[in-house]
Each structure stands twice: as C-alpha cells, then as structure tokens.
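To be precise, the following lines are protein10.txt, and they hold compact mmCIF, C-alpha atoms.
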# COMPACT_ATOMS: atom_id res chain seq x y z
CA MET J 1 14.17 9.04 9.31
CA THR J 2 13.45 12.77 9.46
CA LYS J 3 13.09 12.98 5.69
CA ARG J 4 10.48 10.18 5.64
CA LEU J 5 8.64 11.74 8.57
CA GLY J 6 8.56 15.10 6.80
CA TRP J 7 7.06 13.53 3.68
CA ALA J 8 4.50 11.63 5.75
CA ILE J 9 3.43 14.80 7.55
CA ALA J 10 3.21 16.69 4.25
CA LEU J 11 1.09 13.92 2.73
CA ALA J 12 -1.18 13.86 5.78
CA ALA J 13 -1.60 17.64 5.52
CA PHE J 14 -2.42 17.26 1.81
CA ILE J 15 -5.06 14.59 2.54
CA LEU J 16 -6.62 16.69 5.32
CA GLY J 17 -6.57 19.79 3.12
CA SER J 18 -8.17 17.84 0.29
CA ALA J 19 -10.88 16.55 2.61
CA LEU J 20 -11.59 20.10 3.83
CA ALA J 21 -11.64 21.45 0.26
CA LEU J 22 -13.99 18.68 -0.88
CA ARG J 23 -16.28 19.28 2.11
CA TYR J 24 -16.34 23.01 1.31
CA ALA J 25 -17.05 22.34 -2.38
CA GLU J 26 -19.85 19.97 -1.40
CA GLY J 27 -21.35 22.52 1.00
CA ALA J 28 -21.15 25.25 -1.63
CA GLY J 29 -22.97 23.06 -4.14
CA MET J 30 -20.00 22.79 -6.53
CA ILE J 31 -19.95 18.99 -6.33
CA GLY J 32 -22.33 16.37 -5.01
CA ALA J 33 -21.81 14.13 -2.02
CA ASP J 34 -20.98 11.20 -4.31
CA GLY J 35 -18.34 13.25 -6.12
CA ALA J 36 -16.66 14.26 -2.88
CA ARG J 37 -16.67 10.69 -1.62
CA ARG J 38 -15.28 9.38 -4.90
CA ALA J 39 -12.53 12.01 -5.02
CA MET J 40 -11.42 11.22 -1.47
CA GLN J 41 -11.36 7.48 -2.13
CA VAL J 42 -9.36 8.00 -5.33
CA LEU J 43 -6.80 9.99 -3.33
CA ILE J 44 -6.62 7.21 -0.75
CA GLY J 45 -6.03 4.62 -3.50
CA LEU J 46 -3.29 6.73 -5.07
CA MET J 47 -1.70 7.24 -1.66
CA LEU J 48 -1.68 3.46 -1.12
CA ALA J 49 -0.09 2.97 -4.53
CA GLY J 50 2.55 5.61 -3.80
CA TYR J 51 3.54 4.18 -0.43
CA ALA J 52 3.54 0.63 -1.77
CA ASN J 53 5.79 1.69 -4.62
CA ILE J 54 8.37 2.85 -2.07
CA MET J 55 8.04 -0.33 -0.01
CA PRO J 56 10.75 -2.46 -1.75
CA LYS J 57 13.31 0.28 -1.14
CA GLN J 58 12.80 0.17 2.66
CA LEU J 59 15.12 -2.74 3.47
CA GLY J 60 17.69 -1.53 5.98
CA PRO J 61 21.16 -2.85 6.69
CA THR J 62 21.65 -6.60 6.81
CA ARG J 63 20.84 -8.05 10.21
CA GLY J 64 20.54 -11.75 9.61
CA SER J 65 21.67 -14.37 7.23
CA LEU J 66 21.89 -13.90 3.50
CA ARG J 67 18.87 -16.16 3.04
CA ALA J 68 16.77 -14.17 5.52
CA ASP J 69 17.78 -10.88 3.89
CA ALA J 70 16.88 -12.27 0.45
CA ALA J 71 13.52 -13.46 1.81
CA ALA J 72 12.85 -10.02 3.31
CA GLN J 73 13.69 -8.30 0.04
CA ALA J 74 11.48 -10.71 -1.90
CA ALA J 75 8.59 -10.15 0.53
CA LEU J 76 8.98 -6.39 0.16
CA ARG J 77 8.96 -6.69 -3.62
CA VAL J 78 5.86 -8.89 -3.66
CA GLY J 79 4.16 -6.51 -1.23
CA GLY J 80 5.22 -3.49 -3.23
CA TRP J 81 3.88 -4.89 -6.48
CA SER J 82 0.64 -6.29 -5.10
CA LEU J 83 -0.24 -3.23 -3.01
CA THR J 84 0.73 -0.79 -5.77
CA LEU J 85 -1.55 -2.60 -8.20
CA ALA J 86 -4.26 -2.77 -5.54
CA GLY J 87 -3.99 0.98 -4.92
CA VAL J 88 -4.28 1.76 -8.62
CA ALA J 89 -7.21 -0.64 -8.99
CA TYR J 90 -8.88 0.87 -5.90
CA ALA J 91 -8.51 4.38 -7.33
CA ALA J 92 -9.81 3.27 -10.74
CA LEU J 93 -12.80 1.51 -9.18
CA TRP J 94 -13.75 4.59 -7.20
CA ALA J 95 -13.24 6.83 -10.22
CA PHE J 96 -15.28 4.81 -12.74
CA ALA J 97 -17.39 2.03 -11.17
CA PRO J 98 -20.85 2.44 -9.64
CA LEU J 99 -20.64 3.21 -5.91
CA ALA J 100 -21.92 -0.17 -4.71
CA ILE J 101 -19.40 -2.02 -6.88
CA ALA J 102 -16.55 0.35 -6.00
CA ASP J 103 -17.19 -0.09 -2.30
CA THR J 104 -17.23 -3.89 -2.35
CA ALA J 105 -14.65 -4.51 -5.08
CA GLY J 106 -12.25 -1.91 -3.64
CA LEU J 107 -12.32 -3.63 -0.27
CA PHE J 108 -11.79 -7.02 -1.92
CA VAL J 109 -8.84 -5.81 -4.02
CA VAL J 110 -6.97 -4.29 -1.08
CA ALA J 111 -7.74 -7.25 1.19
CA ALA J 112 -6.52 -9.72 -1.45
CA ALA J 113 -3.27 -7.79 -1.91
CA THR J 114 -2.74 -7.63 1.84
CA LEU J 115 -3.36 -11.36 2.25
CA LEU J 116 -1.05 -12.13 -0.68
CA THR J 117 1.70 -10.01 0.87
CA ALA J 118 1.30 -11.51 4.34
CA GLY J 119 1.04 -15.05 2.97
CA TYR J 120 4.16 -14.66 0.86
CA ALA J 121 6.10 -13.21 3.79
CA VAL J 122 5.09 -16.10 6.05
CA TRP J 123 5.98 -18.63 3.35
CA ALA J 124 9.36 -16.97 2.63
CA PHE J 125 10.43 -16.81 6.26
CA THR J 126 9.10 -20.27 7.06
CA SER J 127 11.24 -21.67 4.26
CA CYS J 128 14.29 -20.06 5.93
CA ARG J 129 13.52 -21.89 9.16
CA ARG J 130 12.93 -25.27 7.47
CA ASP J 131 16.33 -25.29 5.78
CA PRO J 132 18.96 -24.33 8.39
CA GLY J 133 21.83 -24.92 5.98
CA ALA J 134 20.45 -22.34 3.59
CA SER J 135 20.01 -19.71 6.30
CA THR J 136 23.70 -19.77 7.24
CA GLY J 137 24.86 -19.40 3.67
CA ARG J 138 26.42 -22.90 3.54
Mind turning this structure into structure tokens?
Amino acid sequence: MTKRLGWAIALAAFILGSALALRYAEGAGMIGADGARRAMQVLIGLMLAGYANIMPKQLGPTRGSLRADAAAQAALRVGGWSLTLAGVAYAALWAFAPLAIADTAGLFVVAAATLLTAGYAVWAFTSCRRDPGASTGR
C-alpha cells in the first residue's frame, strides 16, 4: 500500500511540475498556448495508459468463489487493455490531430473504453449470479 501511494504522490508531483513548467514556458514565449495544452493532454493520456497497464495486476487475495475471482480477473484484464489503448489513442490524438478533433475524439475514446470496461464487469458478475452452480465451483 505504501509503495503504491509513494508512486502516486510522485506521479502527481510530476504532473504538477510539468504543468508549472509548461505555464512558465508559455509565459516566457517559448511555446504557444496550444502547445502547452497539447503537452499536458498528452501527459494525461500517457498517465491513463500507465495506470491502466497496471490494472490487471491489482487483484488481491481470493475472497469469493473461483468463478467470481475469475470474473474479477477477466474484468481487470478487459479494463486494462481497453483503457491502456484509450490512453495511448488519447495521447496520440492530442499530439497529432487538430485541436477540435482531439478534444472531441479524445473524450469519445476514453468514454468508450470506460463503458466497455463497466459493461464487461457488469456482464461478468451478472453471469456469476445467474449460474449458482458455477459460482460454488461445482
């Protein structure tokens, strides 16, 4: 727990430091407002991809049935894949697409990945409830 918290605090400090550095560079005339905005959004997309990549490894000790644990692991894998790809796509959109497209398409990509993850989790756990024999391992 402490190790994850330390990494989260370090990442938050990095994001805040990056935002301050970009604001300073913008104020000093080194980059434009669009460049600062793009750079920050790219960092946010890469941060999403990084956290989502760790997601499947977050399953703790078994607490329920084998079927429920398998469903939880599958939901974490689907979420990890979809949100990692969404984070990379978000970063790429903000790096290369026109601002109007990056803004709309980036929102759509992340929302679609979130809905896919939530929908799969609901489906996986609902299937555990529908088949009581499968949830007990019999």
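Between J:Gly79 and the candidates J:Ser18, J:Thr104, J:Asn53, J:Thr117, the tightest atom-to-atom separation, counting only C-alpha atoms, involves J:Thr117.
Of the listed residues J:Gly50, J:Gly119, J:Gly87, J:Pro98, the one whose atoms come nearest to J:Leu11 is J:Gly50, with distances taken using all atoms listed in the file.
Our summary of the geometry notes that atom CA of J:Arg129 is positioned 13.4 Å from atom CA of J:Ala70.
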TODO: For atom CA of J:Ser127 and atom CA of J:Ser82, quote the distance in Å rounded to one decimal.
DONE: 20.9 Å
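The space separating atom CA of J:Ala36 from atom CA of J:Leu22 comes to 5.5 Å.
Residues lying within 7 Å of J:Ala52, counting all atoms listed in the file and ignoring same-chain neighbours fewer than 6 positions away, are Gly80, Leu83 and Thr84 of chain J.
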Task: Shortest interatomic distance to J:Arg4 - which of J:Ala91, J:Ile101, J:Ile54, J:Leu66, counting all atoms listed in the file - done: J:Ile54
Open item on the list: Given all atoms listed in the file as the basis, pick out the residue of J:Ala75, J:Ala21, J:Leu85, J:Val122 nearest to J:Leu48.
Closed with: J:Leu85
Task: Shell of 9 Å around J:Leu99, only C-alpha atoms, local chain residues under 6 positions omitted, as a list in words - done: Asp34, Arg38 and Leu93 of chain J
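Nearest-residue note for J:Leu115: choosing from J:Ile9, J:Tyr51, J:Ala86, J:Leu16, the minimum distance belongs to J:Ala86, counting all atoms listed in the file.
In this comparison, which uses all atoms listed in the file, the residue of J:Val88, J:Met47, J:Ala105, J:Ala118 approaching J:Phe14 most closely is J:Met47.
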Open item on the list: Residues near J:Lys57, anyone? I mean within 9 Å using only C-alpha atoms, not counting same-chain ones fewer than 2 positions away, as an MDAnalysis selection string.
Closed with: chainID J and resid 53:55 59:60 73 76:77
Grab the residues selected above and save them as an mmCIF file, in the coordinates of the input with C-alpha atoms.
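File produced: selection-v2.cif:
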data_model
loop_
_atom_site.group_PDB
_atom_site.id
_atom_site.type_symbol
_atom_site.label_atom_id
_atom_site.label_comp_id
_atom_site.auth_asym_id
_atom_site.auth_seq_id
_atom_site.Cartn_x
_atom_site.Cartn_y
_atom_site.Cartn_z
ATOM 1 C CA ASN J 53 5.790 1.690 -4.620
ATOM 2 C CA ILE J 54 8.370 2.850 -2.070
ATOM 3 C CA MET J 55 8.040 -0.330 -0.010
ATOM 4 C CA LEU J 59 15.120 -2.740 3.470
ATOM 5 C CA GLY J 60 17.690 -1.530 5.980
ATOM 6 C CA GLN J 73 13.690 -8.300 0.040
ATOM 7 C CA LEU J 76 8.980 -6.390 0.160
ATOM 8 C CA ARG J 77 8.960 -6.690 -3.620
#
Open item on the list: Set the distance at 12 Å and use all atoms listed in the file: which residues neighbour J:Asp103 once local chain neighbours fewer than 4 positions away are removed? I'd like the list as a VMD selection string.
Closed with: chain J and resid 37 to 38 41 to 42 90 to 99 107 to 110
